[in-house]
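Asker: Just so it is clear, I am handing over entry-v1.cif, which has mmCIF, C-alpha atoms.
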```cif
data_query
loop_
_atom_site.label_atom_id
_atom_site.label_comp_id
_atom_site.auth_asym_id
_atom_site.auth_seq_id
_atom_site.Cartn_x
_atom_site.Cartn_y
_atom_site.Cartn_z
CA MET A 1 220.07 253.59 -86.30
CA SER A 2 221.67 250.16 -86.48
CA LEU A 3 221.96 248.26 -89.73
CA LEU A 4 219.67 245.49 -88.46
CA GLU A 5 217.05 247.93 -87.20
CA GLY A 6 217.07 249.67 -90.59
CA LEU A 7 216.55 246.38 -92.42
CA ALA A 8 213.76 245.37 -90.05
CA THR A 9 211.78 248.61 -90.14
CA THR A 10 212.18 250.25 -93.54
CA ARG A 11 208.78 250.16 -95.24
CA ALA A 12 207.17 251.88 -98.22
CA ILE A 13 206.23 255.46 -97.30
CA ARG A 14 203.71 257.17 -99.57
CA ARG A 15 202.57 260.17 -97.52
CA TYR A 16 204.99 263.06 -97.18
CA THR A 17 204.98 266.36 -95.34
CA ALA A 18 205.59 269.57 -97.29
CA ASP A 19 209.21 269.62 -96.09
CA PRO A 20 211.89 269.53 -98.78
CA ILE A 21 214.89 267.23 -98.93
CA PRO A 22 217.96 269.49 -98.82
CA ASP A 23 220.40 268.85 -101.67
CA GLU A 24 223.12 267.78 -99.25
CA ASP A 25 220.88 265.04 -97.85
CA LEU A 26 219.85 263.97 -101.33
CA ALA A 27 223.50 263.83 -102.34
CA GLU A 28 224.23 261.60 -99.37
CA ILE A 29 221.31 259.28 -100.18
CA LEU A 30 222.51 258.90 -103.76
CA TRP A 31 226.07 258.29 -102.63
CA TYR A 32 224.95 255.33 -100.50
CA ALA A 33 222.80 254.02 -103.35
CA GLY A 34 225.91 253.98 -105.51
CA ARG A 35 227.72 251.70 -103.05
CA ALA A 36 225.48 248.78 -104.06
CA PRO A 37 226.92 245.69 -105.72
CA SER A 38 226.40 244.94 -109.42
CA GLY A 39 227.49 242.25 -111.86
CA THR A 40 231.27 242.41 -112.43
CA ASN A 41 231.07 245.74 -110.53
CA ARG A 42 229.96 247.43 -113.77
CA GLN A 43 227.80 249.90 -111.81
CA PRO A 44 225.29 250.28 -114.64
CA PHE A 45 222.75 252.10 -112.44
CA ARG A 46 221.92 255.71 -113.33
CA PHE A 47 219.89 258.17 -111.25
CA ILE A 48 217.70 260.73 -112.99
CA VAL A 49 216.72 263.09 -110.20
CA LEU A 50 213.54 265.17 -110.49
CA ARG A 51 213.54 267.71 -107.67
CA ARG A 52 210.49 269.75 -106.74
CA GLY A 53 211.09 273.37 -107.71
CA ASP A 54 213.52 272.54 -110.52
CA ASP A 55 212.00 274.00 -113.69
CA VAL A 56 213.89 271.54 -115.86
CA ALA A 57 212.29 268.65 -114.00
CA ARG A 58 208.73 270.01 -113.93
CA PRO A 59 207.35 268.64 -117.22
CA ALA A 60 208.56 265.13 -116.38
CA ARG A 61 207.10 265.37 -112.87
CA GLU A 62 203.74 266.40 -114.30
CA LEU A 63 203.83 263.62 -116.84
CA LEU A 64 204.59 261.16 -114.05
CA GLY A 65 201.63 262.49 -112.07
CA ARG A 66 199.32 261.57 -114.93
CA SER A 67 201.07 258.22 -115.30
CA PHE A 68 200.79 257.35 -111.61
CA ARG A 69 197.07 258.18 -111.56
CA ALA A 70 196.36 256.14 -114.69
CA SER A 71 198.43 253.23 -113.35
CA TRP A 72 196.57 253.29 -110.06
CA VAL A 73 193.18 253.26 -111.81
CA SER A 74 194.09 250.06 -113.61
CA LYS A 75 195.80 248.50 -110.62
CA GLN A 76 192.79 249.25 -108.46
CA ALA A 77 190.56 247.54 -111.00
CA ASP A 78 192.88 244.51 -110.98
CA LEU A 79 192.86 244.30 -107.22
CA GLY A 80 189.12 244.98 -106.99
CA VAL A 81 189.44 247.27 -103.97
CA ARG A 82 187.48 250.40 -103.17
CA VAL A 83 189.17 253.46 -101.69
CA GLY A 84 188.46 253.73 -97.98
CA THR A 85 186.80 256.80 -96.48
CA GLY A 86 188.78 256.79 -93.26
CA ALA A 87 185.82 255.25 -91.41
CA ALA A 88 186.57 252.84 -88.60
CA THR A 89 184.98 250.10 -90.68
CA ASP A 90 187.73 250.31 -93.32
CA GLY A 91 189.75 247.12 -93.54
CA PRO A 92 193.47 246.91 -94.44
CA LYS A 93 192.71 246.85 -98.17
CA GLU A 94 190.53 249.97 -98.07
CA ARG A 95 193.17 251.78 -96.03
CA MET A 96 195.87 250.72 -98.49
CA ALA A 97 193.71 251.96 -101.37
CA ALA A 98 193.11 255.31 -99.63
CA SER A 99 196.85 255.68 -99.11
CA MET A 100 197.51 254.88 -102.77
CA GLN A 101 194.85 257.37 -103.91
CA HIS A 102 196.45 260.10 -101.81
CA TYR A 103 199.88 259.14 -103.15
CA VAL A 104 198.99 259.47 -106.81
CA ASP A 105 196.83 262.58 -106.28
CA HIS A 106 199.79 264.41 -104.73
CA LEU A 107 202.59 263.05 -106.89
CA GLU A 108 203.56 266.48 -108.25
CA GLU A 109 204.18 267.69 -104.68
CA THR A 110 206.61 264.87 -103.89
CA PRO A 111 209.90 266.49 -102.81
CA VAL A 112 212.09 264.19 -104.91
CA ILE A 113 211.40 261.63 -107.61
CA VAL A 114 214.28 259.44 -108.78
CA LEU A 115 214.03 257.46 -111.98
CA VAL A 116 216.56 254.66 -111.72
CA GLY A 117 218.02 253.64 -115.04
CA LEU A 118 220.07 250.63 -116.04
CA GLU A 119 222.64 251.11 -118.78
CA ARG A 120 222.30 247.80 -120.59
CA TYR A 121 225.35 246.08 -122.03
CA ARG A 122 223.32 243.19 -123.45
CA GLY A 123 219.66 242.56 -124.33
CA PRO A 124 216.84 242.81 -121.77
CA SER A 125 216.78 239.93 -119.28
CA PRO A 126 214.75 238.90 -116.22
CA TYR A 127 218.05 238.81 -114.32
CA GLU A 128 219.40 242.25 -115.23
CA GLY A 129 217.72 243.64 -112.11
CA ALA A 130 220.53 242.10 -110.02
CA SER A 131 222.59 245.13 -111.09
CA VAL A 132 220.04 247.85 -110.36
CA TYR A 133 217.55 246.88 -107.63
CA PRO A 134 220.19 246.45 -104.90
CA ALA A 135 221.05 250.12 -105.55
CA CYS A 136 217.34 250.99 -105.24
CA GLN A 137 217.17 249.19 -101.89
CA ASN A 138 220.33 250.94 -100.69
CA LEU A 139 218.74 254.25 -101.71
CA LEU A 140 215.59 253.55 -99.68
CA LEU A 141 217.61 252.36 -96.67
CA ALA A 142 219.86 255.43 -96.77
CA ALA A 143 216.79 257.66 -96.98
CA ARG A 144 215.45 255.97 -93.86
CA ALA A 145 218.73 256.48 -92.04
CA LEU A 146 218.50 260.22 -92.71
CA GLY A 147 214.86 260.49 -91.60
CA TYR A 148 213.16 260.21 -94.99
CA GLY A 149 210.90 257.61 -96.50
CA GLY A 150 210.12 256.44 -99.99
CA ALA A 151 208.50 253.93 -102.26
CA LEU A 152 209.64 252.06 -105.34
CA THR A 153 207.13 251.79 -108.18
CA GLY A 154 206.83 250.90 -111.83
CA PHE A 155 204.14 253.53 -112.35
CA HIS A 156 206.28 255.36 -114.92
CA HIS A 157 205.93 252.58 -117.49
CA ALA A 158 202.48 253.79 -118.61
CA VAL A 159 204.09 256.89 -120.20
CA GLU A 160 207.54 255.51 -120.80
CA ALA A 161 207.91 256.46 -124.47
CA GLU A 162 206.89 260.08 -123.85
CA LEU A 163 208.98 260.26 -120.70
CA ARG A 164 212.12 259.02 -122.46
CA GLU A 165 211.72 261.63 -125.16
CA LEU A 166 211.12 264.41 -122.65
CA LEU A 167 214.18 263.47 -120.56
CA GLY A 168 216.41 262.47 -123.47
CA VAL A 169 217.06 258.98 -122.12
CA PRO A 170 219.16 256.92 -124.58
CA ASP A 171 217.68 253.73 -126.03
CA GLY A 172 220.18 251.48 -124.27
CA VAL A 173 219.06 252.63 -120.83
CA ALA A 174 216.18 250.75 -119.17
CA LEU A 175 214.04 252.76 -116.77
CA SER A 176 213.93 250.10 -114.09
CA ALA A 177 212.21 251.95 -111.25
CA CYS A 178 210.60 255.20 -110.19
CA ILE A 179 211.27 256.04 -106.54
CA THR A 180 209.51 258.82 -104.60
CA LEU A 181 211.09 260.37 -101.51
CA GLY A 182 210.04 262.76 -98.76
CA VAL A 183 209.62 263.26 -95.05
CA PRO A 184 207.09 260.72 -93.73
CA ALA A 185 203.75 262.28 -92.73
CA GLY A 186 201.44 260.90 -90.08
CA ARG A 187 201.49 257.40 -88.71
CA HIS A 188 202.58 254.40 -90.67
CA GLY A 189 201.62 250.87 -89.73
CA PRO A 190 204.21 248.15 -89.12
CA LEU A 191 205.60 246.00 -91.91
CA ARG A 192 203.38 243.08 -92.74
CA ARG A 193 205.43 240.08 -93.78
CA LYS A 194 204.88 236.35 -94.06
CA PRO A 195 206.68 234.04 -91.60
CA ILE A 196 210.12 233.44 -93.05
CA ALA A 197 209.71 229.67 -92.61
CA ASP A 198 206.94 229.81 -95.22
CA LEU A 199 209.35 231.30 -97.76
CA THR A 200 212.28 228.98 -97.08
CA HIS A 201 213.13 225.56 -98.47
CA ASP A 202 215.87 223.51 -96.84
CA GLY A 203 218.13 221.50 -99.15
CA ARG A 204 215.42 221.02 -101.75
CA TRP A 205 212.10 222.59 -102.69
CA GLY A 206 209.33 221.75 -100.22
CA ARG A 207 211.51 220.62 -97.31
CA ARG A 208 210.73 222.74 -94.27
CA ALA A 209 213.61 224.39 -92.41
CA GLU A 210 212.91 223.20 -88.87
CA TRP A 211 215.70 225.42 -87.56
CA LEU A 212 213.63 228.45 -88.60
CA ASP A 213 210.58 227.63 -86.53
CA ASP A 214 211.31 229.99 -83.66
CA VAL A 215 212.81 232.96 -85.44
CA ASP A 216 209.59 234.88 -86.06
CA LEU A 217 208.59 234.57 -82.43
CA ASN A 218 211.56 236.68 -81.38
CA ARG A 219 210.57 239.86 -83.17
CA THR A 220 207.60 241.96 -84.15
CA MET B 221 227.16 248.74 -86.92
CA SER B 222 225.13 251.69 -88.12
CA LEU B 223 222.83 251.45 -91.10
CA LEU B 224 224.89 253.97 -93.07
CA GLU B 225 228.17 252.24 -92.27
CA GLY B 226 226.68 248.95 -93.43
CA LEU B 227 225.57 250.47 -96.72
CA ALA B 228 228.95 252.10 -97.25
CA THR B 229 231.12 249.09 -96.52
CA THR B 230 229.31 245.92 -97.56
CA ARG B 231 231.21 244.41 -100.46
CA ALA B 232 231.30 241.06 -102.23
CA ILE B 233 233.23 238.53 -100.15
CA ARG B 234 234.44 235.40 -101.94
CA ARG B 235 237.02 233.94 -99.55
CA TYR B 236 235.70 232.25 -96.43
CA THR B 237 237.27 230.62 -93.40
CA ALA B 238 236.33 227.04 -92.51
CA ASP B 239 233.95 228.35 -89.82
CA PRO B 240 230.30 227.36 -90.17
CA ILE B 241 227.29 229.69 -89.99
CA PRO B 242 225.21 228.48 -87.03
CA ASP B 243 221.57 227.84 -87.91
CA GLU B 244 220.39 230.57 -85.55
CA ASP B 245 222.49 233.16 -87.39
CA LEU B 246 221.32 231.86 -90.74
CA ALA B 247 217.72 232.08 -89.54
CA GLU B 248 218.28 235.68 -88.54
CA ILE B 249 219.88 236.56 -91.89
CA LEU B 250 216.91 235.06 -93.75
CA TRP B 251 214.44 236.85 -91.50
CA TYR B 252 215.95 240.22 -92.40
CA ALA B 253 216.01 239.29 -96.08
CA GLY B 254 212.28 238.66 -95.85
CA ARG B 255 211.66 242.21 -94.62
CA ALA B 256 212.46 243.58 -98.08
CA PRO B 257 209.83 245.39 -100.13
CA SER B 258 208.17 243.81 -103.17
CA GLY B 259 205.50 244.82 -105.67
CA THR B 260 202.10 245.05 -103.95
CA ASN B 261 203.86 243.40 -100.99
CA ARG B 262 203.39 240.02 -102.66
CA GLN B 263 206.66 238.73 -101.16
CA PRO B 264 207.34 236.38 -104.07
CA PHE B 265 210.93 235.69 -102.97
CA ARG B 266 211.82 232.14 -101.95
CA PHE B 267 215.02 230.95 -100.29
CA ILE B 268 216.41 227.51 -101.11
CA VAL B 269 219.11 226.99 -98.52
CA LEU B 270 221.97 224.59 -99.21
CA ARG B 271 223.91 224.14 -95.98
CA ARG B 272 227.31 222.46 -95.84
CA GLY B 273 226.94 219.12 -94.10
CA ASP B 274 223.30 218.64 -95.08
CA ASP B 275 223.15 215.38 -97.06
CA VAL B 276 219.99 216.49 -98.84
CA ALA B 277 221.77 219.59 -100.15
CA ARG B 278 225.03 217.88 -101.18
CA PRO B 279 224.18 216.86 -104.79
CA ALA B 280 222.99 220.39 -105.59
CA ARG B 281 226.09 221.92 -103.99
CA GLU B 282 228.33 219.65 -106.08
CA LEU B 283 226.41 220.47 -109.23
CA LEU B 284 226.80 224.18 -108.44
CA GLY B 285 230.54 223.69 -107.98
CA ARG B 286 230.78 222.39 -111.54
CA SER B 287 228.55 225.21 -112.76
CA PHE B 288 230.56 227.94 -111.04
CA ARG B 289 233.81 226.63 -112.49
CA ALA B 290 232.39 226.38 -116.01
CA SER B 291 230.87 229.86 -115.70
CA TRP B 292 234.15 231.33 -114.54
CA VAL B 293 236.03 229.75 -117.46
CA SER B 294 233.75 231.48 -119.95
CA LYS B 295 233.63 234.73 -118.01
CA GLN B 296 237.39 234.79 -117.79
CA ALA B 297 237.61 234.34 -121.55
CA ASP B 298 235.13 237.23 -122.03
CA LEU B 299 237.12 239.49 -119.77
CA GLY B 300 240.45 238.39 -121.18
CA VAL B 301 242.17 238.30 -117.80
CA ARG B 302 244.80 235.90 -116.56
CA VAL B 303 244.74 234.57 -113.01
CA GLY B 304 247.32 236.30 -110.86
CA THR B 305 250.04 234.41 -109.06
CA GLY B 306 250.10 236.57 -105.97
CA ALA B 307 253.23 238.33 -107.21
CA ALA B 308 253.67 242.01 -106.41
CA THR B 309 253.39 242.73 -110.13
CA ASP B 310 249.75 241.55 -110.22
CA GLY B 311 247.38 244.36 -111.13
CA PRO B 312 243.78 244.69 -109.83
CA LYS B 313 242.44 242.50 -112.66
CA GLU B 314 244.88 239.68 -111.97
CA ARG B 315 244.08 239.83 -108.26
CA MET B 316 240.35 239.76 -109.02
CA ALA B 317 240.87 236.76 -111.28
CA ALA B 318 242.88 234.94 -108.60
CA SER B 319 240.11 235.61 -106.11
CA MET B 320 237.48 234.29 -108.52
CA GLN B 321 239.55 231.18 -109.24
CA HIS B 322 239.82 230.45 -105.54
CA TYR B 323 236.10 231.09 -105.12
CA VAL B 324 234.95 228.60 -107.73
CA ASP B 325 237.60 226.02 -106.79
CA HIS B 326 236.28 225.94 -103.22
CA LEU B 327 232.57 226.32 -103.88
CA GLU B 328 231.67 222.96 -102.30
CA GLU B 329 233.26 224.12 -99.01
CA THR B 330 231.15 227.28 -98.82
CA PRO B 331 229.27 227.19 -95.50
CA VAL B 332 225.93 228.25 -96.97
CA ILE B 333 224.62 228.67 -100.50
CA VAL B 334 221.22 230.30 -100.95
CA LEU B 335 219.39 230.05 -104.25
CA VAL B 336 216.91 232.91 -104.32
CA GLY B 337 213.76 232.12 -106.25
CA LEU B 338 210.99 234.36 -107.50
CA GLU B 339 207.49 232.90 -107.62
CA ARG B 340 206.23 234.49 -110.82
CA TYR B 341 202.61 235.59 -111.11
CA ARG B 342 203.04 236.76 -114.71
CA GLY B 343 205.51 236.11 -117.55
CA PRO B 344 209.25 236.84 -117.26
CA SER B 345 210.09 240.55 -117.34
CA PRO B 346 213.18 242.74 -117.03
CA TYR B 347 211.41 244.49 -114.14
CA GLU B 348 210.46 241.44 -112.07
CA GLY B 349 213.74 241.77 -110.19
CA ALA B 350 212.23 244.70 -108.25
CA SER B 351 210.51 242.03 -106.14
CA VAL B 352 213.49 239.80 -105.48
CA TYR B 353 216.83 241.66 -105.61
CA PRO B 354 216.00 244.03 -102.72
CA ALA B 355 215.60 240.86 -100.62
CA CYS B 356 219.00 239.66 -101.87
CA GLN B 357 220.58 242.96 -100.86
CA ASN B 358 218.92 242.80 -97.43
CA LEU B 359 220.30 239.28 -97.05
CA LEU B 360 223.85 240.42 -97.81
CA LEU B 361 223.55 243.44 -95.51
CA ALA B 362 222.17 241.32 -92.66
CA ALA B 363 225.00 238.85 -93.15
CA ARG B 364 227.46 241.71 -92.82
CA ALA B 365 225.79 242.93 -89.63
CA LEU B 366 226.30 239.48 -88.08
CA GLY B 367 229.95 239.24 -89.13
CA TYR B 368 229.55 237.25 -92.33
CA GLY B 369 230.15 238.09 -95.96
CA GLY B 370 228.75 236.92 -99.24
CA ALA B 371 228.46 237.35 -102.96
CA LEU B 372 225.56 237.34 -105.39
CA THR B 373 226.09 235.49 -108.64
CA GLY B 374 224.25 234.10 -111.63
CA PHE B 375 226.68 231.20 -111.90
CA HIS B 376 223.88 228.67 -111.38
CA HIS B 377 222.33 229.40 -114.77
CA ALA B 378 224.82 227.17 -116.62
CA VAL B 379 223.22 224.07 -115.03
CA GLU B 380 219.78 225.46 -114.37
CA ALA B 381 217.70 222.70 -115.97
CA GLU B 382 219.53 219.94 -114.08
CA LEU B 383 219.49 221.97 -110.87
CA ARG B 384 215.73 222.53 -111.04
CA GLU B 385 215.10 218.85 -111.49
CA LEU B 386 217.43 217.91 -108.64
CA LEU B 387 215.82 220.39 -106.23
CA GLY B 388 212.24 219.97 -107.47
CA VAL B 389 211.80 223.65 -108.23
CA PRO B 390 208.38 224.31 -109.87
CA ASP B 391 208.28 225.80 -113.37
CA GLY B 392 206.73 229.05 -112.19
CA VAL B 393 209.67 229.88 -109.96
CA ALA B 394 212.60 231.79 -111.48
CA LEU B 395 216.02 231.12 -109.95
CA SER B 396 217.02 234.77 -109.79
CA ALA B 397 220.27 234.57 -107.84
CA CYS B 398 222.78 232.26 -106.18
CA ILE B 399 224.29 233.75 -103.04
CA THR B 400 227.27 232.29 -101.16
CA LEU B 401 227.85 233.07 -97.49
CA GLY B 402 230.59 232.51 -94.94
CA VAL B 403 233.00 234.11 -92.51
CA PRO B 404 235.34 236.45 -94.44
CA ALA B 405 238.92 235.16 -94.68
CA GLY B 406 241.95 237.34 -94.99
CA ARG B 407 242.03 240.94 -96.06
CA HIS B 408 239.53 242.46 -98.43
CA GLY B 409 240.18 245.63 -100.32
CA PRO B 410 237.87 248.65 -100.12
CA LEU B 411 234.85 249.08 -102.37
CA ARG B 412 235.74 250.57 -105.71
CA ARG B 413 232.93 252.76 -106.99
CA LYS B 414 232.58 255.51 -109.56
CA PRO B 415 231.96 259.08 -108.35
CA ILE B 416 228.22 259.37 -107.82
CA ALA B 417 228.11 262.57 -109.88
CA ASP B 418 229.07 260.49 -112.92
CA LEU B 419 226.00 258.29 -112.43
CA THR B 420 223.49 261.07 -111.75
CA HIS B 421 221.45 263.21 -114.13
CA ASP B 422 219.65 266.28 -112.81
CA GLY B 423 216.21 267.01 -114.22
CA ARG B 424 216.99 265.43 -117.58
CA TRP B 425 219.53 263.03 -119.05
CA GLY B 426 222.99 264.58 -119.37
CA ARG B 427 222.50 267.55 -117.02
CA ARG B 428 225.13 267.41 -114.31
CA ALA B 429 224.00 267.65 -110.68
CA GLU B 430 226.23 270.50 -109.45
CA TRP B 431 224.99 269.93 -105.90
CA LEU B 432 226.74 266.54 -105.94
CA ASP B 433 230.21 267.82 -106.67
CA ASP B 434 231.52 267.69 -103.13
CA VAL B 435 229.90 264.56 -101.81
CA ASP B 436 232.61 262.09 -102.80
CA LEU B 437 235.28 264.17 -101.18
CA ASN B 438 233.73 263.62 -97.78
CA ARG B 439 234.19 259.86 -97.58
CA THR B 440 236.48 257.05 -98.47
#
```
Write out the structure in this file as structure tokens.
Answerer:
Amino acid sequence: MSLLEGLATTRAIRRYTADPIPDEDLAEILWYAGRAPSGTNRQPFRFIVLRRGDDVARPARELLGRSFRASWVSKQADLGVRVGTGAATDGPKERMAASMQHYVDHLEETPVIVLVGLERYRGPSPYEGASVYPACQNLLLAARALGYGGALTGFHHAVEAELRELLGVPDGVALSACITLGVPAGRHGPLRRKPIADLTHDGRWGRRAEWLDDVDLNRT
Amino acid sequence: MSLLEGLATTRAIRRYTADPIPDEDLAEILWYAGRAPSGTNRQPFRFIVLRRGDDVARPARELLGRSFRASWVSKQADLGVRVGTGAATDGPKERMAASMQHYVDHLEETPVIVLVGLERYRGPSPYEGASVYPACQNLLLAARALGYGGALTGFHHAVEAELRELLGVPDGVALSACITLGVPAGRHGPLRRKPIADLTHDGRWGRRAEWLDDVDLNRT
């Protein structure tokens, strides 16, 4: 797969087959994640890997299952969506909600869960993510290249104190993301994204980039 | 270029030739950036594009030049490195410092500067970057695919208040990153990264992932 095709088509995958991710593939995915840039090349990202079938990882995986389900209950309430039934009358929101419900109900079966930590060298900041989320994106792109799919969530935050104690995560390490990985199951819709011209400002805020007007027409 | 090769080899590029980035290439780079994931697919990332030769962008580019140079002065003091002279006796730190000095001294000549904004829908958070830095990484990877190189910095923060006023950036938009882009000039060294086994914890913090031990040997 080409680099551009990977960037264009990698989307969140939340339904997985029962197939495992062999350790050698997981190792490769992590290796590519670690190639990401970070401030002053400090490489403060840390990967806590919770593999299905690893007895050491099991309690944390079960705790995360409870956390994901609780997080989805409150998120669903925020969004005000009902879970679809699979009927033809389901709209995009109901289908998304059904997919999310399936995701959290089967969290413990996920082949691999990666908690991505950030070893802080100064206090928490809205900009610290510049040194950890590029690695998360590399991880998801590498997974795609090897035939896997995944999703990045913050659904671990609901149990973060208990999770840190269980895993022995030091105080100075932020748990920035929780990524699930597996072999994609079933059909996945295309990426839905806004026209890039709507997200771009040319020279100053609010000035439309005329030179962008045709770019979305060239691809789907 | 393959997706995996792109992930393995994309590094920060801070020396550019005088060549411009044609608008059609820039449009394509931004389009791929916009394919990145974000929380609940809200796509809160915004791209403020400051192109060389655009009179509207010039005051902000000049302000950023001053900001980059001031930021480098204080960073250099923090790091305690001297700028190398290009002599054979220069170590990696001196070479890095020489490269940074050149970078900030020539900021106004950079073909394209992209300020990446995040339209906040709640208060600032250390985790908000999950919805903006994947787009930054996609942008840098897409640039690489098209033959360009770039670097992500926070060197705009030193003048942020003045910059916001100049560009008319609304209060609810964080300026999460400042990315420079151009055609790579000269030779660039390889990526320097820690062994991935040193960054990985298996099942709980501090447990070494034995299955990772060979992965670094396979690549350079």
Asker: Name all residues at most 9 Å from Leu411 (chain B) (count only C-alpha atoms; drop same-chain ones fewer than 4 positions away) and give them as a PyMOL selection string.
Answerer: (chain A and resi 35) or (chain B and resi 228-232)
Asker: Considering all atoms listed in the file, tabulate each residue of region 73-131 of chain A that lies at most 12 Å from region 142-162 of chain A along with its nearest interatomic pair and the corresponding distance in Å to one decimal; arrange the rows by chain and ascending residue number and present them as a Markdown table.
Answerer:
```
| residue | atom | partner | partner_atom | distance |
| --- | --- | --- | --- | --- |
| A:Val73 | CA | A:Phe155 | CA | 11.0 |
| A:Ser74 | CA | A:Ala158 | CA | 10.5 |
| A:Lys75 | CA | A:Phe155 | CA | 9.9 |
| A:Met100 | CA | A:Ala151 | CA | 11.0 |
| A:Tyr103 | CA | A:Ala151 | CA | 10.1 |
| A:Val104 | CA | A:Phe155 | CA | 9.6 |
| A:Leu107 | CA | A:Phe155 | CA | 11.1 |
| A:Thr110 | CA | A:Gly150 | CA | 9.9 |
| A:Pro111 | CA | A:Gly150 | CA | 10.4 |
| A:Val112 | CA | A:Gly150 | CA | 9.4 |
| A:Ile113 | CA | A:Gly150 | CA | 9.3 |
| A:Val114 | CA | A:Leu152 | CA | 9.4 |
| A:Leu115 | CA | A:His156 | CA | 8.6 |
| A:Val116 | CA | A:Leu152 | CA | 9.8 |
| A:Gly117 | CA | A:His156 | CA | 11.9 |
```
Asker: Between A:Gly6, A:Pro37, A:Pro22, A:Pro126, which has the minimum distance to Gly182 (chain A) (counting all atoms listed in the file)?
Answerer: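 Using all atoms listed in the file, Gly182 (chain A) sits closest to A:Pro22.
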Asker: In Å to one decimal, how far is CA of Leu118 (chain A) from CA of Val173 (chain A)?
Answerer: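 Straight-line distance from CA of Val173 (chain A) to CA of Leu118 (chain A) works out to 5.3 Å.
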Asker: Give as a PyMOL selection string the set of residues within 8 Å of the point (222.8, 267.3, -106.7), where distances use the file's coordinates and only C-alpha atoms.
Answerer: (chain A and resi 23-24+26-27) or (chain B and resi 417+422+428-433)
Asker: Check the smallest atom-to-atom distance from each of B:Ala297, B:Ala350, B:Leu401, B:Ala394 to chain A using all atoms listed in the file, then report the winner.
Answerer: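 Ranked by minimum distance to chain A, first place goes to B:Ala350.
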Asker: One decimal, in Å: what's the spacing between CA of Ile21 (chain A) and CA of Pro415 (chain B)?
Answerer: 21.1 Å
Asker: Which is closer to Met1 (chain A) than all the others in A:Leu141, A:Phe47, A:Gly206, A:Val56, using all atoms listed in the file?
Answerer: A:Leu141
Asker: Hey, what comes out of the PyMOL selection byres ((chain B) within 6 of (chain A)) on this file? Could you write it as JSON, numbers by chain?
Answerer: {"B": [221, 222, 223, 228, 247, 251, 255, 266, 267, 268, 269, 270, 276, 277, 344, 345, 346, 349, 350, 353, 354, 357, 387, 388, 389, 416, 419, 420, 421, 422, 423, 424, 425, 432]}
Asker: To one decimal in Å, tell me the separation between CA of Thr400 (chain B) and CA of Ile233 (chain B).
Answerer: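 Atom-to-atom, CA of Thr400 (chain B) and CA of Ile233 (chain B) are spaced 8.7 Å apart.
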Asker: Enumerate, as a list in words, the residues matched when the PyMOL selection byres ((chain B and resi 312-319) around 8) is run on the file above.
Answerer: Arg234, Arg235, Gln296, Val301, Arg302, Val303, Gly304, Thr305, Gly306, Asp310, Gly311, Met320, Gln321, His322 and Tyr323 of chain B
